[in-house]
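A.B. asks: Contents are mmCIF, C-alpha atoms; file name query_29.cif:
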data_run
#
loop_
_atom_site.label_atom_id
_atom_site.label_comp_id
_atom_site.auth_asym_id
_atom_site.auth_seq_id
_atom_site.Cartn_x
_atom_site.Cartn_y
_atom_site.Cartn_z
CA MET H 1 -10.58 58.18 42.78
CA ILE H 2 -10.33 58.17 46.55
CA VAL H 3 -11.85 55.25 48.43
CA HIS H 4 -13.12 56.27 51.85
CA ASP H 5 -12.63 53.14 53.91
CA ALA H 6 -12.74 52.38 57.60
CA PRO H 7 -9.90 50.69 59.48
CA PHE H 8 -10.27 47.14 60.75
CA ASN H 9 -12.74 46.81 63.66
CA ALA H 10 -13.77 50.45 63.26
CA ARG H 11 -17.26 51.58 64.13
CA PRO H 12 -19.93 50.71 61.51
CA ARG H 13 -20.68 53.29 58.86
CA ILE H 14 -24.24 54.23 57.88
CA VAL H 15 -24.47 56.09 54.56
CA ILE H 16 -27.65 58.01 53.70
CA LEU H 17 -28.23 58.94 50.05
CA GLY H 18 -30.36 62.06 49.68
CA GLY H 19 -31.02 65.13 51.82
CA GLY H 20 -34.78 65.47 51.43
CA PHE H 21 -37.52 64.92 54.01
CA ALA H 22 -36.85 61.21 54.51
CA GLY H 23 -33.05 61.39 54.45
CA VAL H 24 -32.76 64.18 57.01
CA ALA H 25 -35.38 62.51 59.21
CA VAL H 26 -33.35 59.27 59.18
CA ALA H 27 -30.14 61.08 60.13
CA ARG H 28 -31.80 63.06 62.88
CA ARG H 29 -33.32 59.95 64.49
CA LEU H 30 -30.05 58.04 64.22
CA GLU H 31 -28.33 60.86 66.09
CA GLU H 32 -30.96 60.53 68.81
CA ARG H 33 -30.86 56.74 69.08
CA LEU H 34 -27.14 55.99 68.70
CA ARG H 35 -24.59 56.79 71.35
CA PRO H 36 -21.73 59.12 70.32
CA GLY H 37 -19.09 56.99 68.66
CA GLU H 38 -21.38 53.97 68.23
CA ALA H 39 -21.59 54.46 64.46
CA GLU H 40 -20.44 56.89 61.80
CA ILE H 41 -23.35 58.58 60.02
CA VAL H 42 -22.71 60.01 56.54
CA LEU H 43 -25.27 61.89 54.43
CA ILE H 44 -24.61 62.55 50.72
CA SER H 45 -26.71 65.13 48.88
CA ARG H 46 -26.21 67.38 45.86
CA GLU H 47 -27.58 70.38 47.80
CA ASN H 48 -26.49 71.56 51.22
CA PHE H 49 -30.09 72.35 52.09
CA SER H 50 -33.43 70.57 52.18
CA VAL H 51 -36.38 72.15 50.35
CA PHE H 52 -39.88 72.33 51.81
CA THR H 53 -41.38 71.25 48.49
CA PRO H 54 -45.09 71.82 49.33
CA MET H 55 -44.36 75.56 49.21
CA LEU H 56 -42.58 75.64 45.83
CA PRO H 57 -45.69 76.86 43.93
CA GLU H 58 -45.81 79.92 46.21
CA VAL H 59 -42.13 80.57 45.52
CA THR H 60 -42.96 80.51 41.81
CA SER H 61 -45.65 83.14 42.23
CA GLY H 62 -43.57 85.39 44.47
CA ALA H 63 -45.68 84.84 47.59
CA LEU H 64 -42.67 83.43 49.44
CA ASP H 65 -39.01 84.39 49.32
CA ILE H 66 -36.97 81.66 47.68
CA ARG H 67 -34.58 81.32 50.65
CA HIS H 68 -37.33 80.97 53.23
CA VAL H 69 -38.41 77.47 52.14
CA VAL H 70 -34.96 75.90 52.52
CA THR H 71 -33.12 74.71 55.62
CA PRO H 72 -29.35 74.07 55.67
CA VAL H 73 -28.68 70.38 56.24
CA ARG H 74 -25.68 71.11 58.44
CA ALA H 75 -27.88 73.25 60.71
CA GLU H 76 -30.34 70.38 61.18
CA LEU H 77 -27.75 67.73 62.06
CA ARG H 78 -25.00 67.70 64.67
CA ARG H 79 -23.12 64.39 64.47
CA THR H 80 -23.65 63.51 60.81
CA ARG H 81 -20.85 63.92 58.29
CA PHE H 82 -22.21 65.76 55.26
CA ILE H 83 -20.84 65.36 51.72
CA LEU H 84 -21.97 67.76 48.98
CA ALA H 85 -22.05 65.45 45.97
CA ASP H 86 -24.12 63.75 43.29
CA VAL H 87 -24.68 60.03 43.80
CA GLU H 88 -23.59 58.28 40.61
CA ALA H 89 -23.81 54.58 41.43
CA LEU H 90 -24.70 52.19 44.23
CA ASP H 91 -22.93 48.82 44.21
CA VAL H 92 -24.90 46.67 46.64
CA HIS H 93 -22.55 43.70 46.16
CA ALA H 94 -19.36 45.58 46.96
CA ASN H 95 -21.14 47.76 49.57
CA THR H 96 -19.89 50.96 47.96
CA VAL H 97 -21.35 54.25 46.74
CA ARG H 98 -19.70 56.24 43.96
CA PHE H 99 -20.31 59.98 44.00
CA ARG H 100 -19.07 63.12 42.27
CA HIS H 101 -18.30 66.25 44.27
CA VAL H 102 -20.54 69.09 43.13
CA LEU H 103 -17.98 71.87 43.49
CA ILE H 104 -14.74 70.29 42.28
CA GLY H 105 -16.09 67.56 39.99
CA SER H 106 -13.84 64.77 41.24
CA THR H 107 -15.21 61.27 41.77
CA ASP H 108 -14.93 59.41 45.07
CA GLU H 109 -16.16 56.14 46.48
CA ILE H 110 -17.23 55.28 50.00
CA ARG H 111 -17.84 51.91 51.63
CA TYR H 112 -20.76 51.32 53.96
CA ASP H 113 -22.03 48.81 56.48
CA GLN H 114 -25.61 50.03 56.12
CA VAL H 115 -26.99 52.23 53.34
CA VAL H 116 -30.24 54.18 53.28
CA VAL H 117 -31.58 55.24 49.87
CA THR H 118 -33.79 58.37 49.99
CA ILE H 119 -32.86 60.10 46.75
CA GLY H 120 -36.38 61.11 45.77
CA SER H 121 -37.85 61.25 42.29
CA SER H 122 -37.43 62.95 38.92
CA THR H 123 -39.90 64.35 36.42
CA SER H 124 -41.26 61.89 33.86
CA THR H 125 -42.51 63.10 30.48
CA PHE H 126 -43.32 59.55 29.29
CA GLY H 127 -41.23 59.94 26.13
CA LEU H 128 -43.82 62.17 24.45
CA PRO H 129 -42.45 63.88 21.31
CA GLY H 130 -40.97 67.30 21.93
CA VAL H 131 -42.14 67.50 25.54
CA ALA H 132 -38.98 66.93 27.58
CA GLU H 133 -37.05 69.62 25.68
CA ARG H 134 -39.64 72.34 26.23
CA VAL H 135 -41.39 71.97 29.56
CA PHE H 136 -40.62 73.56 32.91
CA ALA H 137 -40.60 71.18 35.86
CA LEU H 138 -41.27 72.16 39.46
CA LYS H 139 -39.16 69.75 41.50
CA THR H 140 -36.26 71.87 42.75
CA LEU H 141 -35.57 75.30 44.14
CA GLU H 142 -33.88 76.30 40.88
CA ASP H 143 -36.98 75.13 38.99
CA ALA H 144 -39.17 77.44 41.08
CA GLY H 145 -36.82 80.42 40.68
CA THR H 146 -36.39 79.87 36.95
CA LEU H 147 -40.15 79.59 36.38
CA ARG H 148 -40.83 82.69 38.46
CA ASN H 149 -38.33 84.70 36.38
CA ARG H 150 -39.94 83.27 33.26
CA LEU H 151 -43.39 84.52 34.27
CA VAL H 152 -42.11 88.02 35.00
CA TRP H 153 -40.13 87.97 31.77
CA LEU H 154 -43.28 87.08 29.84
CA LEU H 155 -45.14 90.01 31.39
CA GLU H 156 -42.37 92.43 30.47
CA LEU H 157 -42.18 91.14 26.92
CA ALA H 158 -45.95 91.11 26.45
CA ASP H 159 -46.20 94.69 27.71
CA SER H 160 -43.87 95.86 24.93
CA THR H 161 -45.46 93.73 22.19
CA PRO H 162 -47.91 95.64 19.93
CA ASP H 163 -49.28 92.46 18.31
CA SER H 164 -52.29 91.41 20.39
CA ALA H 165 -52.17 87.81 19.12
CA GLU H 166 -48.52 87.46 20.06
CA ARG H 167 -49.19 89.06 23.42
CA ARG H 168 -51.91 86.51 24.15
CA ARG H 169 -49.62 83.68 23.03
CA LEU H 170 -46.92 84.90 25.42
CA LEU H 171 -49.38 85.06 28.30
CA THR H 172 -50.88 81.61 27.70
CA ILE H 173 -49.51 79.27 30.37
CA VAL H 174 -50.29 75.57 30.16
CA VAL H 175 -50.01 73.47 33.33
CA VAL H 176 -50.07 69.73 32.68
CA GLY H 177 -51.18 67.47 35.51
CA GLY H 178 -54.21 67.90 37.76
CA GLY H 179 -52.67 66.56 40.97
CA PHE H 180 -51.56 68.60 43.97
CA THR H 181 -48.68 70.38 42.25
CA GLY H 182 -50.71 71.12 39.13
CA VAL H 183 -53.73 72.70 40.81
CA GLU H 184 -51.57 74.66 43.26
CA THR H 185 -49.30 75.94 40.49
CA ALA H 186 -52.23 76.99 38.28
CA GLY H 187 -53.84 78.82 41.20
CA GLU H 188 -50.62 80.61 42.13
CA ILE H 189 -49.85 81.68 38.55
CA VAL H 190 -53.29 83.26 38.24
CA GLU H 191 -52.80 84.94 41.60
CA LEU H 192 -49.47 86.40 40.45
CA PHE H 193 -50.90 87.77 37.21
CA HIS H 194 -54.01 89.26 38.79
CA SER H 195 -51.92 90.85 41.54
CA VAL H 196 -49.47 92.68 39.27
CA LEU H 197 -51.37 93.52 36.08
CA ARG H 198 -51.86 97.07 37.42
CA PHE H 199 -48.19 97.65 36.65
CA TYR H 200 -48.56 96.65 32.98
CA PRO H 201 -50.87 99.17 31.27
CA THR H 202 -51.05 97.43 27.89
CA ILE H 203 -52.08 94.05 29.33
CA SER H 204 -55.65 93.21 30.29
CA ARG H 205 -57.01 90.18 32.12
CA GLU H 206 -58.38 88.94 28.81
CA ASP H 207 -54.82 88.63 27.52
CA VAL H 208 -53.93 86.17 30.30
CA ARG H 209 -54.85 82.55 29.73
CA VAL H 210 -53.97 79.75 32.17
CA VAL H 211 -54.91 76.23 31.08
CA LEU H 212 -54.81 73.22 33.40
CA ILE H 213 -54.80 69.82 31.65
CA GLU H 214 -55.59 66.55 33.42
CA GLY H 215 -55.70 63.27 31.51
CA GLY H 216 -58.15 61.71 33.98
CA ASP H 217 -61.80 62.52 34.38
CA ALA H 218 -61.35 64.85 37.35
CA LEU H 219 -58.79 66.94 39.18
CA LEU H 220 -57.02 65.52 42.24
CA PRO H 221 -57.49 61.90 41.12
CA GLY H 222 -57.58 59.30 43.86
CA LEU H 223 -59.14 61.69 46.37
CA PRO H 224 -62.82 62.24 47.24
CA ALA H 225 -64.72 63.53 44.21
CA ARG H 226 -65.84 66.64 46.06
CA MET H 227 -62.23 67.81 46.34
CA GLY H 228 -61.67 67.64 42.59
CA GLU H 229 -65.03 69.24 41.89
CA TYR H 230 -64.37 72.17 44.22
CA ALA H 231 -60.84 72.61 42.88
CA ALA H 232 -62.21 72.84 39.33
CA TYR H 233 -64.93 75.26 40.42
CA ALA H 234 -62.54 77.54 42.34
CA LEU H 235 -59.97 77.65 39.53
CA LYS H 236 -62.57 78.25 36.83
CA ASP H 237 -64.08 81.02 38.94
CA ARG H 238 -60.74 82.83 38.71
CA GLY H 239 -60.33 82.34 34.99
CA VAL H 240 -58.39 79.07 34.73
CA GLU H 241 -59.45 76.81 31.86
CA VAL H 242 -59.71 73.27 33.21
CA LEU H 243 -59.50 70.49 30.62
CA THR H 244 -60.05 66.94 31.89
CA GLY H 245 -60.15 63.63 30.04
CA ASP H 246 -57.57 64.77 27.50
CA GLY H 247 -53.85 64.10 27.59
CA VAL H 248 -50.79 65.55 25.91
CA ALA H 249 -49.68 64.06 22.57
CA SER H 250 -46.69 66.26 21.69
CA ALA H 251 -45.16 69.71 21.98
CA ASP H 252 -43.22 72.04 19.69
CA ASP H 253 -41.82 75.55 19.77
CA GLY H 254 -45.24 77.03 19.08
CA GLY H 255 -47.41 75.13 21.50
CA ILE H 256 -48.82 71.83 22.68
CA VAL H 257 -50.99 69.23 20.92
CA LEU H 258 -53.51 67.18 22.87
CA GLN H 259 -54.58 63.59 22.26
CA SER H 260 -57.95 64.87 21.06
CA GLY H 261 -56.14 66.75 18.28
CA ALA H 262 -56.73 70.16 19.86
CA ARG H 263 -53.79 72.54 19.81
CA ILE H 264 -52.94 75.28 22.32
CA GLU H 265 -50.57 78.03 21.21
CA THR H 266 -48.21 78.73 24.09
CA LYS H 267 -44.61 79.52 24.90
CA THR H 268 -44.64 78.08 28.42
CA ILE H 269 -45.58 74.57 29.55
CA VAL H 270 -45.35 73.63 33.23
CA TRP H 271 -45.13 69.87 33.69
CA SER H 272 -46.43 68.12 36.81
CA ALA H 273 -47.96 65.06 35.20
CA GLY H 274 -45.68 62.33 36.43
CA VAL H 275 -42.58 61.35 38.36
CA THR H 276 -40.14 58.49 38.24
CA PRO H 277 -37.52 57.44 40.79
CA SER H 278 -34.13 59.08 40.43
CA PRO H 279 -32.01 57.69 37.57
CA SER H 280 -29.02 57.27 39.91
CA ILE H 281 -30.49 53.97 41.14
CA ALA H 282 -31.65 52.72 37.75
CA ASP H 283 -28.58 50.53 37.19
CA SER H 284 -28.37 49.12 40.70
CA ALA H 285 -29.14 45.46 41.38
CA LEU H 286 -31.95 46.32 43.78
CA PRO H 287 -35.44 44.92 43.06
CA LYS H 288 -37.71 47.54 41.52
CA THR H 289 -41.31 48.01 40.47
CA LYS H 290 -42.32 48.70 36.87
CA ARG H 291 -42.04 52.44 37.48
CA GLY H 292 -38.54 52.00 38.88
CA ALA H 293 -39.22 52.38 42.62
CA ILE H 294 -37.17 50.25 45.01
CA VAL H 295 -39.15 47.34 46.44
CA VAL H 296 -38.99 47.21 50.24
CA ASP H 297 -40.45 45.01 52.95
CA PRO H 298 -42.87 46.54 55.49
CA ASP H 299 -39.90 47.34 57.79
CA LEU H 300 -38.37 49.45 54.95
CA ARG H 301 -35.51 47.02 54.30
CA VAL H 302 -34.88 45.81 50.75
CA PRO H 303 -35.60 42.07 50.43
CA GLY H 304 -32.48 40.05 49.70
CA PHE H 305 -30.20 42.91 50.81
CA PRO H 306 -30.18 42.99 54.63
CA ASN H 307 -28.01 46.12 54.85
CA VAL H 308 -29.95 48.21 52.30
CA TRP H 309 -32.93 50.38 53.27
CA ALA H 310 -35.13 52.78 51.30
CA ALA H 311 -37.81 55.39 51.98
CA GLY H 312 -39.44 58.41 50.40
CA ASP H 313 -40.40 58.91 46.76
CA CYS H 314 -37.90 56.34 45.47
CA ALA H 315 -39.37 53.45 47.51
CA ALA H 316 -42.47 51.29 47.03
CA ILE H 317 -43.60 50.79 50.63
CA PRO H 318 -46.46 48.28 51.16
CA ASP H 319 -49.43 49.75 53.03
CA GLY H 320 -50.71 46.42 54.33
CA GLU H 321 -53.79 46.54 52.12
CA GLY H 322 -52.31 45.37 48.84
CA GLY H 323 -51.11 48.80 47.72
CA PHE H 324 -48.32 51.24 48.46
CA TYR H 325 -48.10 54.39 50.52
CA PRO H 326 -48.24 57.56 48.38
CA PRO H 327 -44.97 59.44 47.73
CA THR H 328 -45.88 62.54 49.75
CA ALA H 329 -43.96 64.72 52.19
CA GLN H 330 -46.33 63.67 54.96
CA HIS H 331 -45.31 60.04 54.59
CA ALA H 332 -41.60 60.68 54.00
CA ILE H 333 -41.34 62.66 57.24
CA ARG H 334 -42.76 59.68 59.14
CA GLU H 335 -40.95 56.94 57.23
CA GLY H 336 -37.55 58.35 58.14
CA PRO H 337 -37.74 57.90 61.93
CA ASP H 338 -39.29 54.43 61.63
CA LEU H 339 -36.55 53.34 59.24
CA ALA H 340 -33.88 54.64 61.62
CA ASP H 341 -35.48 52.82 64.54
CA ASN H 342 -35.46 49.55 62.61
CA LEU H 343 -31.86 50.05 61.51
CA VAL H 344 -30.80 50.61 65.13
CA ASN H 345 -32.78 47.53 66.20
CA VAL H 346 -30.87 45.44 63.66
CA MET H 347 -27.57 46.79 64.95
CA HIS H 348 -28.63 45.90 68.52
CA GLY H 349 -29.92 42.44 67.58
CA LYS H 350 -33.58 43.34 68.11
CA PRO H 351 -36.55 42.65 65.80
CA THR H 352 -37.80 45.27 63.36
CA LYS H 353 -41.33 46.63 63.14
CA PRO H 354 -43.45 47.26 60.03
CA PHE H 355 -44.06 50.85 58.99
CA ARG H 356 -47.69 51.79 59.54
CA HIS H 357 -49.14 55.23 59.08
CA THR H 358 -52.72 56.38 58.84
CA THR H 359 -52.91 59.28 56.43
CA LEU H 360 -53.81 62.42 58.33
CA GLY H 361 -55.39 63.94 55.26
CA MET H 362 -54.53 65.61 51.97
CA MET H 363 -54.63 69.32 51.22
CA ALA H 364 -54.17 71.54 48.18
CA SER H 365 -54.05 75.33 48.11
CA LEU H 366 -55.87 76.96 45.19
CA GLY H 367 -54.80 80.58 45.69
CA ALA H 368 -57.07 83.52 46.58
CA ARG H 369 -57.38 82.13 50.13
CA ARG H 370 -59.11 78.97 48.99
CA ALA H 371 -58.09 75.36 49.38
CA VAL H 372 -59.44 71.82 49.65
CA ALA H 373 -58.63 69.42 52.45
CA GLN H 374 -59.36 65.78 53.17
CA LEU H 375 -59.71 65.22 56.90
CA PRO H 376 -59.61 61.95 58.88
CA GLY H 377 -62.76 59.96 58.33
CA ASN H 378 -62.79 61.01 54.66
CA ARG H 379 -64.41 64.33 55.50
CA VAL H 380 -63.81 67.18 53.05
CA LEU H 381 -63.26 70.82 53.90
CA THR H 382 -63.25 73.55 51.24
CA GLY H 383 -62.80 77.28 50.92
CA PHE H 384 -61.25 79.66 53.43
CA LEU H 385 -61.20 77.22 56.36
CA ALA H 386 -59.33 74.65 54.25
CA TRP H 387 -56.87 77.36 53.18
CA PHE H 388 -56.31 78.38 56.80
CA LEU H 389 -55.77 74.74 57.77
CA TRP H 390 -53.31 74.28 54.87
CA ARG H 391 -51.21 77.24 55.96
CA THR H 392 -51.36 76.34 59.65
CA TYR H 393 -50.32 72.73 59.11
CA TYR H 394 -47.46 73.42 56.73
CA LEU H 395 -46.19 76.29 58.82
CA SER H 396 -46.03 73.91 61.79
CA ARG H 397 -44.08 71.36 59.72
CA LEU H 398 -41.38 73.82 58.64
CA PRO H 399 -38.12 72.96 60.41
CA GLY H 400 -36.73 75.72 62.59
CA LEU H 401 -38.35 78.69 64.31
CA ASP H 402 -36.50 81.12 62.05
CA ARG H 403 -38.07 79.58 58.91
CA LYS H 404 -41.52 79.63 60.48
CA LEU H 405 -41.19 83.33 61.29
CA ARG H 406 -39.83 84.20 57.84
CA VAL H 407 -42.65 82.41 56.03
CA ALA H 408 -45.31 83.86 58.35
CA PHE H 409 -43.90 87.34 57.65
CA ASP H 410 -43.94 86.69 53.88
CA TRP H 411 -47.57 85.61 54.08
CA THR H 412 -48.47 88.73 56.06
CA LEU H 413 -46.85 90.99 53.48
CA ASP H 414 -48.63 89.09 50.71
CA MET H 415 -51.99 90.02 52.23
CA LEU H 416 -51.06 93.72 52.22
CA PHE H 417 -49.07 94.27 49.03
CA PRO H 418 -48.95 93.02 45.42
CA ARG H 419 -46.53 90.28 44.43
CA ASP H 420 -42.91 91.17 43.72
CA ILE H 421 -42.18 91.51 39.99
CA ALA H 422 -38.42 92.06 40.15
CA GLU H 423 -36.78 89.77 37.59
CA LEU H 424 -33.69 88.53 39.39
CA ARG H 425 -31.31 87.28 36.72
CA VAL H 426 -29.27 85.16 39.11
CA TYR H 427 -29.77 81.91 37.24
CA SER H 428 -26.83 81.29 34.97
CA ARG H 429 -26.97 79.06 31.93
CA ARG H 430 -25.29 76.33 33.95
CA ALA H 431 -27.79 76.69 36.80
CA ARG H 432 -30.78 76.39 34.48
CA SER H 433 -29.29 73.29 32.93
CA SER H 434 -28.65 71.90 36.39
CA ALA H 435 -32.25 72.56 37.41
CA ALA H 436 -33.49 70.69 34.35
CA ALA H 437 -31.22 67.76 35.11
CA ASP H 438 -32.43 67.65 38.72
CA GLY H 439 -35.97 67.42 37.40
CA GLY H 440 -35.05 64.48 35.17
CA LEU H 441 -35.16 66.53 31.95
CA PRO H 442 -32.55 67.17 29.25
CA PRO H 443 -30.50 70.39 29.60
CA ARG H 444 -32.65 73.39 28.71
CA ARG H 445 -32.04 75.02 25.35
CA GLU H 446 -30.96 78.66 25.38
CA THR H 447 -33.14 80.91 23.24
CA PRO H 448 -33.12 84.70 22.96
CA SER H 449 -36.88 84.97 23.46
CA PRO H 450 -39.71 82.82 24.85
#
Kindly return the structure encoded in the file as structure tokens.

C.D. replies:
Amino acid sequence: MIVHDAPFNARPRIVILGGGFAGVAVARRLEERLRPGEAEIVLISRENFSVFTPMLPEVTSGALDIRHVVTPVRAELRRTRFILADVEALDVHANTVRFRHVLIGSTDEIRYDQVVVTIGSSTSTFGLPGVAERVFALKTLEDAGTLRNRLVWLLELADSTPDSAERRRLLTIVVVGGGFTGVETAGEIVELFHSVLRFYPTISREDVRVVLIEGGDALLPGLPARMGEYAAYALKDRGVEVLTGDGVASADDGGIVLQSGARIETKTIVWSAGVTPSPSIADSALPKTKRGAIVVDPDLRVPGFPNVWAAGDCAAIPDGEGGFYPPTAQHAIREGPDLADNLVNVMHGKPTKPFRHTTLGMMASLGARRAVAQLPGNRVLTGFLAWFLWRTYYLSRLPGLDRKLRVAFDWTLDMLFPRDIAELRVYSRRARSSAAADGGLPPRRETPSP
């Protein structure tokens, strides 16, 4: 093990854990606020790119090229030292971070003066029997690519299957979770199937069954009722079965069992029903909520640990009204700069400021040029205008002009041509296992058929 230490009286070292929205935003603002040589900035992440996660469902359906929703971390930052590694442990008493290099597998340790935790979240299957071993998550780029290949694989296999019952079982896709990811994924899967069925002569629309399961009473829980109602209407109108008020009890190789006792025969379960903070912080001495999120003060500093900060999905950030800010990309992008400003203020002996952000709105794309959007003042927009707003806003938030142009070009092609059905077998056994681990799931089992 190599200990990366700083010589006596060296410049302070700020270590950022995680290269997602919040982590990169922190590093970028620190580069702006700190003079060259004033502090060493180090960012540790297991990927050398950041993923624009709101667009992952469209990657799954083939609407967007998989490389167009990622931005290299090194291209976004200029004065930050980047380390490609998995964070294994954070020792807040010794002020050290232990990490394992992704490519060579060796373990190193680095000391810090200030540490920023932005390592995101993992998929939670709540310990339900048989679920973790069988579901597909949608948290990482590898998840999206693996699921996309799976959908094309199912079409190919169903097209060569003479048994109509087996063909329907293969083409039954169950999406669990009626939040943003769930409704967007269900809509995109239907869009993919409807776009490419012309190429599969033995498959009809009646063979395709997409089921969306939400344990609550309505889709998009926590948002205005009209948004959930329209989402259910739009999805049902395109053939999605929407089941609300019923949760998952268990899963097996043949399908999924609901709490009501109903059973759905399926080979593919997409899980978007819950998240939990990354397990890499589970054993740290930091204060946490019941769900495992790091407790922070309004200025994003961890109480009792003056040199530890947290933001993004792994942090419970008080909203000033007795609750916490939601773990969304919109908030993470804004938490990062405020955290960096407070960290610099501490270094300069100035007071910190509480993080305050008024939610600009919430949006969910439903496919087929439909969406729902919550606007300021709790106004709700639905249909084509909401879809246009969704695409315009997220296109503007993509980092880099090159990514904006690539995604805009992909969207233009999608309006003119059917989805791409090339099954790119670039995901090795190790990569699929890695994708499962990134999503907080056990390594995926290898089977010869779905």

A.B. asks: When distances are computed from only C-alpha atoms, which of H:Thr185, H:Thr71, H:Thr60, H:Thr80 shows the smallest separation from Val152 (chain H)?

C.D. replies: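 Among H:Thr185, H:Thr71, H:Thr60, H:Thr80, it is H:Thr60 that comes nearest to Val152 (chain H).
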
A.B. asks: Looking at H:Ala144, H:Leu128, H:Leu17, H:Ala285, which one is nearest to Val92 (chain H), with distances taken over all atoms listed in the file?

C.D. replies: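 The closest residue to Val92 (chain H) is H:Ala285.
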
A.B. asks: Please identify all polymer residues lying at most 8 Å from the point (-24.5, 68.2, 44.0) (file coordinates), using only C-alpha atoms, and present the result as a ChimeraX atom specification.

C.D. replies: /H:45-47,84-86,100-103

A.B. asks: To one decimal place, how far is CA of Lys290 (chain H) from CA of Pro277 (chain H) in Å?

C.D. replies: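 About the pair CA of Lys290 (chain H) and CA of Pro277 (chain H): they are 10.7 Å apart.
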
A.B. asks: Any chance you could resolve the PyMOL selection byres ((chain H and resi 306) around 12) against this file and give the residues as JSON, numbers by chain?

C.D. replies: {"H": [92, 93, 95, 113, 114, 115, 116, 286, 296, 297, 299, 300, 301, 302, 303, 304, 305, 307, 308, 309, 310, 342, 343, 346, 347, 352]}

A.B. asks: Of the residues H:Leu141, H:Val117, H:Ala89, H:Gly19, which is the one nearest to Arg74 (chain H), using all atoms listed in the file?

C.D. replies: H:Gly19

A.B. asks: List the spatial neighbours of Val270 (chain H) as a list in words - criterion: any atom at most 9 Å away, all atoms listed in the file, same-chain residues fewer than 4 positions off excluded.

C.D. replies: Val135, Phe136, Ala137, Leu138, Leu147, Ile173, Val174, Val175, Val176, Gly177, Gly182 and Thr185 of chain H

A.B. asks: Suppose we keep C-alpha atoms; can you now write the selection as a PDB file, keeping the file's coordinate frame?

C.D. replies:
ATOM      1  CA  VAL H 135     -41.390  71.970  29.560  1.00  0.00           C
ATOM      2  CA  PHE H 136     -40.620  73.560  32.910  1.00  0.00           C
ATOM      3  CA  ALA H 137     -40.600  71.180  35.860  1.00  0.00           C
ATOM      4  CA  LEU H 138     -41.270  72.160  39.460  1.00  0.00           C
ATOM      5  CA  LEU H 147     -40.150  79.590  36.380  1.00  0.00           C
ATOM      6  CA  ILE H 173     -49.510  79.270  30.370  1.00  0.00           C
ATOM      7  CA  VAL H 174     -50.290  75.570  30.160  1.00  0.00           C
ATOM      8  CA  VAL H 175     -50.010  73.470  33.330  1.00  0.00           C
ATOM      9  CA  VAL H 176     -50.070  69.730  32.680  1.00  0.00           C
ATOM     10  CA  GLY H 177     -51.180  67.470  35.510  1.00  0.00           C
ATOM     11  CA  GLY H 182     -50.710  71.120  39.130  1.00  0.00           C
ATOM     12  CA  THR H 185     -49.300  75.940  40.490  1.00  0.00           C
TER      13      THR H 185
END

A.B. asks: Written as a list in words, which residues does the PyMOL selection byres ((chain H and resi 383) around 10) give for the file shown?

C.D. replies: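 Expected selection for the PyMOL selection byres ((chain H and resi 383) around 10) here is Tyr230, Ala231, Ala234, Ser365, Leu366, Ala368, Arg369, Arg370, Ala371, Val372, Ala373, Leu381, Thr382, Phe384, Leu385, Ala386, Trp387 and Phe388 of chain H.
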
A.B. asks: To test your reading of the syntax: which residues would the PyMOL selection byres ((chain H and resi 404) around 12) return for the file shown? Reply as a list of chain:residue names.

C.D. replies: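 Here the PyMOL selection byres ((chain H and resi 404) around 12) matches H:Phe52, H:Leu64, H:His68, H:Val69, H:Val70, H:Thr71, H:Arg391, H:Thr392, H:Tyr393, H:Tyr394, H:Leu395, H:Ser396, H:Arg397, H:Leu398, H:Pro399, H:Gly400, H:Leu401, H:Asp402, H:Arg403, H:Leu405, H:Arg406, H:Val407, H:Ala408, H:Phe409, H:Asp410, H:Trp411.
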
A.B. asks: Distance CA of Gly179 (chain H)-CA of Leu219 (chain H), one decimal place?

C.D. replies: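 CA of Leu219 (chain H) lies at a distance of 6.4 Å from CA of Gly179 (chain H).
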
A.B. asks: Counting only C-alpha atoms, what is within 7 Å of Gly247 (chain H), bar same-chain residues fewer than 6 positions away, as a list in words?

C.D. replies: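 Skipping anything fewer than 6 positions along the chain leaves Glu214, Gly215, Leu258 and Gln259 of chain H.
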
A.B. asks: Given the choices H:Arg291, H:His357, H:Arg334, H:Arg28, which gets closest to Ala311 (chain H) if the distance is worked out from all atoms listed in the file?

C.D. replies: H:Arg334

A.B. asks: Counting all atoms listed in the file, which residue out of H:Ser250, H:Asn48, H:Thr276, H:Thr202 sits closest to Val131 (chain H)?

C.D. replies: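 Smallest distance to Val131 (chain H) is found for H:Ser250.
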
A.B. asks: Generate the coordinates of N, CA and C atoms for region 368-372 of chain H; report them as a compact mmCIF listing (two decimals), keeping the file's coordinate frame.

C.D. replies:
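Output (part_21.txt):
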# COMPACT_ATOMS: atom_id res chain seq x y z
N ALA H 368 -55.93 82.65 46.22
CA ALA H 368 -57.07 83.52 46.58
C ALA H 368 -57.71 83.08 47.89
N ARG H 369 -56.92 82.57 48.81
CA ARG H 369 -57.38 82.13 50.13
C ARG H 369 -58.43 81.05 50.05
N ARG H 370 -58.24 80.15 49.12
CA ARG H 370 -59.11 78.97 48.99
C ARG H 370 -58.24 77.72 48.95
N ALA H 371 -58.80 76.63 49.40
CA ALA H 371 -58.09 75.36 49.38
C ALA H 371 -59.10 74.24 49.52
N VAL H 372 -58.63 73.01 49.37
CA VAL H 372 -59.44 71.82 49.65
C VAL H 372 -58.63 70.94 50.58
